[in-house]
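*Asks:* The structure under discussion is supplied below as structure tokens; questions concerning it will follow.
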Number of protein chains: 4
Amino acid sequence: MSCFANSHAENRKERARDLGVPFDGTPGALNAITDVKSVEVGHTTLISGEGPLKVGVGPVRTGVTAVFPRGKDSSDPVFAAWFTENGNGEMTGTTWVEESGFLEGPVMITNTHSVGVVRDAVIAWRLKHHPPSEDGYSWSLPLVAETWDGYLNDVNGFHVRPDDVFHALDTASSGVVEEGNVGGGTGMICNEFKGGIGTSSRVLASKYGGYTVGVMVQCNYGQRDQLRIAGVPVGREIPGKTIWDDDVGSIIVVVATDAPLIPTQLKRLAKRVSLGLARDGSYSGNGSGDIFIAFSTANPRAEAAQGTRQIELLSNDRINPIFLATVQATEEAVVNAMIAARTMTGKNGRTVVALPHDQLREILRKYNRLVN
Amino acid sequence: MSCFANSHAENRKERARDLGVPFDGTPGALNAITDVKSVEVGHTTLISGEGPLKVGVGPVRTGVTAVFPRGKDSSDPVFAAWFTENGNGEMTGTTWVEESGFLEGPVMITNTHSVGVVRDAVIAWRLKHHPPSEDGYSWSLPLVAETWDGYLNDVNGFHVRPDDVFHALDTASSGVVEEGNVGGGTGMICNEFKGGIGTSSRVLASKYGGYTVGVMVQCNYGQRDQLRIAGVPVGREIPGKTIWDDDVGSIIVVVATDAPLIPTQLKRLAKRVSLGLARDGSYSGNGSGDIFIAFSTANPRAEAAQGTRQIELLSNDRINPIFLATVQATEEAVVNAMIAARTMTGKNGRTVVALPHDQLREILRKYNRLVN
Amino acid sequence: MSCFANSHAENRKERARDLGVPFDGTPGALNAITDVKSVEVGHTTLISGEGPLKVGVGPVRTGVTAVFPRGKDSSDPVFAAWFTENGNGEMTGTTWVEESGFLEGPVMITNTHSVGVVRDAVIAWRLKHHPPSEDGYSWSLPLVAETWDGYLNDVNGFHVRPDDVFHALDTASSGVVEEGNVGGGTGMICNEFKGGIGTSSRVLASKYGGYTVGVMVQCNYGQRDQLRIAGVPVGREIPGKTIWDDDVGSIIVVVATDAPLIPTQLKRLAKRVSLGLARDGSYSGNGSGDIFIAFSTANPRAEAAQGTRQIELLSNDRINPIFLATVQATEEAVVNAMIAARTMTGKNGRTVVALPHDQLREILRKYNRLVN
Amino acid sequence: MSCFANSHAENRKERARDLGVPFDGTPGALNAITDVKSVEVGHTTLISGEGPLKVGVGPVRTGVTAVFPRGKDSSDPVFAAWFTENGNGEMTGTTWVEESGFLEGPVMITNTHSVGVVRDAVIAWRLKHHPPSEDGYSWSLPLVAETWDGYLNDVNGFHVRPDDVFHALDTASSGVVEEGNVGGGTGMICNEFKGGIGTSSRVLASKYGGYTVGVMVQCNYGQRDQLRIAGVPVGREIPGKTIWDDDVGSIIVVVATDAPLIPTQLKRLAKRVSLGLARDGSYSGNGSGDIFIAFSTANPRAEAAQGTRQIELLSNDRINPIFLATVQATEEAVVNAMIAARTMTGKNGRTVVALPHDQLREILRKYNRLVN
């Protein structure tokens, strides 16, 4: 019943910039979180069944996504911090991130009711790849986040299995990141259009250190009438029936950078995610789990030492371009998710339409914001 | 050397809506924080001297602003909570707000180097108006916030005196709130135009409870090239020399509501202020003290009881319209501050120009966002 | 392979007070968390196998414990808050507790590597007992905490199954709470003696409102040489080989009260847990997951309302006796866990001895602290 | 009317260890916060007047204390973090400490109603010693904390003047730290005995890095019947009339170390202060401002760099001895404050007695805890 749909060619044709949406700042080569060297992303996409809901059978529109800060072969922790704009959601493992300043494994994202199976499967996967000595201690506190896909998916059917988790972990890679209806984002809804996974990046000018900031979102939040793209009230310009009465979704955001930041500074990055979402119109509703994690791939082996070690630290006086890059890449990653997503029909024959590309261009033109 | 300039007629002519800036939501009668019943605002504005800086002499371009949640004659605390988007600033008294859930006196705003004198003067004022019994305990932990006006003002001259604080407290009133170059906002700079005090409000539809949310800002943050108004990149459309290389300012925001919210909920309101600022283009730079306080005027005498008492509580499921109102009123209050502010010349003959109203209208028209 | 050992008679003979350990304050009838009316506790205890570790086979020394604030038949949330003294651990669901101020289901405690299966099983159990309407939204963010039992238990064998979780939930009851080697506490170690589940309570004098505070711990923290009981350096008085070089354990603490406290106040209770643990000698080591949740059973249906509702609030000026009760009940619950626990042999034939009762009495006598 | 009483010889005769109170761990040469190299402490003690209160005249029993992390001649910031166990108090400047991870000036401690004057005077002192270039920015966010001395002192008379602040700053020195009725601690009360300033330190074994941890307290908290010293219920063994009905005081604690810790880790140290206070019997009452700041003198010029720089970092796996040292030094510093304090008569002829040394020894002997 699993369908591992990872063919890049089909799903990623156009991105927001290709359509003429104006964004500030300079993206990296891939305009993706994987522009930050060593970051790897893997998806497992589960799509099966049609028609009426049969709990435990389907229809299935869900999945799981894995993000490795230092690649899937490394168990070297990264400095990290997290922030919650609105906490109607789950991100396990954050208590230890907050305390230690380190993230010790991958970031996993799935649906709300599969957080547990994903968490324990990450432990099993780590035990298989990094088995403890028989007497040695071994414990893991995996980081797993979620958004709710029960509008299209049989979320109460618990369709994500350990093997699906292993697949996302084992197939994680650098390079192009698939966007839209994939991985944990498969069944997600964003501003009442089809949502899912999106990504973007910024590269700083060399006078600011030449650092890269990459952002990946699993986006499932928002009300259509609040949607702004490039400052334009796009949501209101597209009439049609809406899905929710309210802001009931969520968004998980992962921020990666190679700038040498310590946890105190990474928390500041995580807080800037809110500002990027606000540019797209979010007011972070009561039902939303808007939870963000930021990490730095600089300073390898910062934790491994048993005594002291030298680490590199960027001055706070140099952090502004990184803040701005975080805001900009977040703003764009959400739009990329919506542009990449395709109209999907799921549970009980419900259909969620994708943001219409042509109409978006017309609206941007109306407000003199269309690029070329 | 003090100049108590409080004449309403002169300073407040046009506001952002008068110029055709589009905003969402329905403001209250005054479109001000004083639309929340019982809220009173007082300003002391200190303007004197010209030309070269003589520390301790001038030029003086500063002041102090007082906001009373329940009016200046009440010592009844209000439920409150605070949030920091970026903490390069001061708001005294917040440790007790966080712990107790109550704000026990007025909110004061002044310049960075006058926080101390304002704090102790608030205690003196309270002792005068609510003297303790001789054996009774009496202590105060006043809430005083600040932004830095040293570009135009002799900030190191410590020009705010206890009498100036008493004046702001004694003259606080309901009704129209003066905006722009007044009170604590006198010498402030916002997005590299003249800034200062601004305010706005929203009234919810009766089906959402009919509550009022009022916002007041002392606005001193931002880079011109980031400024967005109504989603339009206004800052970039106005060429000219800039003041800063960086985002060095700050913004203090006060959110008032009559909705019956407990501190847990008011913290959520305070967090939404960030989203409003982001709509105006803020990325909350390292040098910025972006600190927000939110309080509810509902539930009088919630703290006074020695035992238990009944309080009213709004369901979290009904809080979304209040979140959105907070975002919208914040977005508008900043623009109101910039529209009300007038070009000012201060320390060493430096001039900070006001946002040109006509040019703003032209730019909004260019992007098809001008209302009438 | 599961062994549901819930016979009260055998495991609970003596408690700390029975041995003459002096404690301050007045406990409730059961001296247990279930002295708070409506609180129900259920355990599933899993003990099987002996000898060398075979991952996935055994030996098994683990389990799961459930604590229902309003009984297992209620889905009415309680006001709640949490606090972390040291975050090397997991407590899922806390992001929503922090945001909303409510705990929406039971508190679950298990071993570190079974948090996921317990979490998803709680969702399944809730779906079975409170099925959603077909079109209605339904999501859960269960609260599941853990400590690590891998010294005695095959923790990497994932022996807790959904049925074990259902059993703990289904058998939860008021009345006497089993302590020691039961439920989630089965394989735990405390101050290098056998640890596990412990509980205690305090009842306030009627002039302080007559409220009850109940505490339950799953205790797995500490170094023997730090252990103090009733202020006496008990750990150092008992020579013998130690288990750890370091403080590698954890402790999860649940605080229940019927006092009408809002989340702001319950966070203050959760913080007082640290003070109780410190009285027993804890310094909260780097490897420790010292995570606490506090809830109030007052104010039923506080969240259910779609509009506003009246809730009862205790004045902060009346909260001190509740703080002190929390400290005292925490201090005692840990000692009760150690007194109730029995010497256990587990993985690879390792044995962890129970705190010797007679020797404890001798030591207390030596320091003139033995009661009768 | 100021009395600068700084003669070391008279006030410091015996300390807790001299009396035979048992403590764990190894103190530094001075058993003081100044065992951490470069830390300097200065006091201004204000004692004048007797008899009935005349507000603004006296009696005066107050003062101000300054702690410089890197000595009074350095303006090089230190990594820092803070924590509040109970926030009925003030510590200005902490918003920027939390955000930046740095403490940029001295730690000041005074009485509740003099925080403002001390804050602004610190700015004036810094401007005098480190004047800004005329065009350069210059701003300060001083860290000033307080406890309430209004039982003995005319706290509403605002007797601390800028010159008193300058004196504490200018006379700060390394070496022996005066304890008891000095500086900010002059009029303080601790566990209903005379309190004030106290200090202690620990030096780690060289296998743990040989680091020093120093603690200084301004101690004004507590109820007599809760007081425990070395685990012995000392408070209850000393009958006599008490001062409060409740825990109305406060305690400010400064933790200094030369261990190379980043802010994430220093927050963990600050949290351990609670555990030390709990060993002395604190339950941190509603009226208490229990606020703690921790800094590291390692990594000079960590902030000065405009780009990146190398800093030294201690592994979390090596932090436990530093945690324990913090707990132990806090526990001892409070007792040292009480032992050093002398019986004082102040406002309205009220007398607060010192903890009787001989009686303390008798009580410790009764519980077999007296050393020699």
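Ordering of the structure tokens sets the chain letters (A, B, ...), residue numbers begin anew at 1 in every chain, and ligands are numbered from 1 in the order given.
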Assign secondary structure with DSSP using the backbone only, and return the residues of segment 81-299 of chain B in helix (DSSP H, G or I) as JSON, numbers by chain.
*Replies:* {"B": [94, 95, 96, 97, 98, 99, 100, 112, 113, 114, 115, 116, 117, 118, 119, 120, 121, 122, 123, 124, 125, 126, 127, 128, 129, 155, 156, 157, 162, 163, 164, 165, 166, 167, 168, 169, 170, 183, 184, 185, 206, 207, 208, 224, 225, 226, 234, 235, 236, 237, 263, 264, 265, 266, 267, 268, 269, 270, 271, 272, 273, 274, 275, 276, 277, 278, 279]}
*Asks:* Which residues of segment 290-339 of chain A come within 8 Å of segment 254-265 of chain A, and for each one, what is the closest pair of atoms and their distance in Å to one decimal, counting only C-alpha atoms, sorted by chain and residue number, as a tab-separated table?
*Replies:*
residue	atom	partner	partner_atom	distance
A:Phe292	CA	A:Val254	CA	5.9
A:Ile293	CA	A:Val254	CA	5.1
A:Ala294	CA	A:Val255	CA	4.4
A:Phe295	CA	A:Ala256	CA	5.2
A:Ser296	CA	A:Thr257	CA	4.9
A:Thr297	CA	A:Asp258	CA	5.0
A:Ala298	CA	A:Pro260	CA	5.1
A:Asn299	CA	A:Pro260	CA	6.7
A:Glu312	CA	A:Pro260	CA	5.8
A:Leu313	CA	A:Pro260	CA	5.3
A:Leu314	CA	A:Pro260	CA	5.6
A:Asn316	CA	A:Gln265	CA	7.8
A:Thr326	CA	A:Val255	CA	7.4
*Asks:* Could you pull out the residues in segment 283-360 of chain C that DSSP calls strand (DSSP E or B) from the backbone, as number ranges by chain?
*Replies:* C: 289-296, 308-314, 344-345, 351-352
*Asks:* Restricting the calculation to only C-alpha atoms, which member of A:Gly63, A:Gly71, A:Gly195, A:Gly25 is positioned closest to chain B?
*Replies:*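 Counting only C-alpha atoms, the residue closest to chain B is A:Gly25.
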*Asks:* Got a sec: who's within 12 Å of Lys271 of chain C, counting only C-alpha atoms, leaving out chain neighbours fewer than 2 positions off, as an NGL selection string?
*Replies:* (:B and (99)) or (:C and (81-86 or 253-255 or 264-269 or 273-278 or 290-294 or 323-324 or 326-327 or 330)) or (:D and (83-87 or 271 or 274-275 or 278 or 283-285))
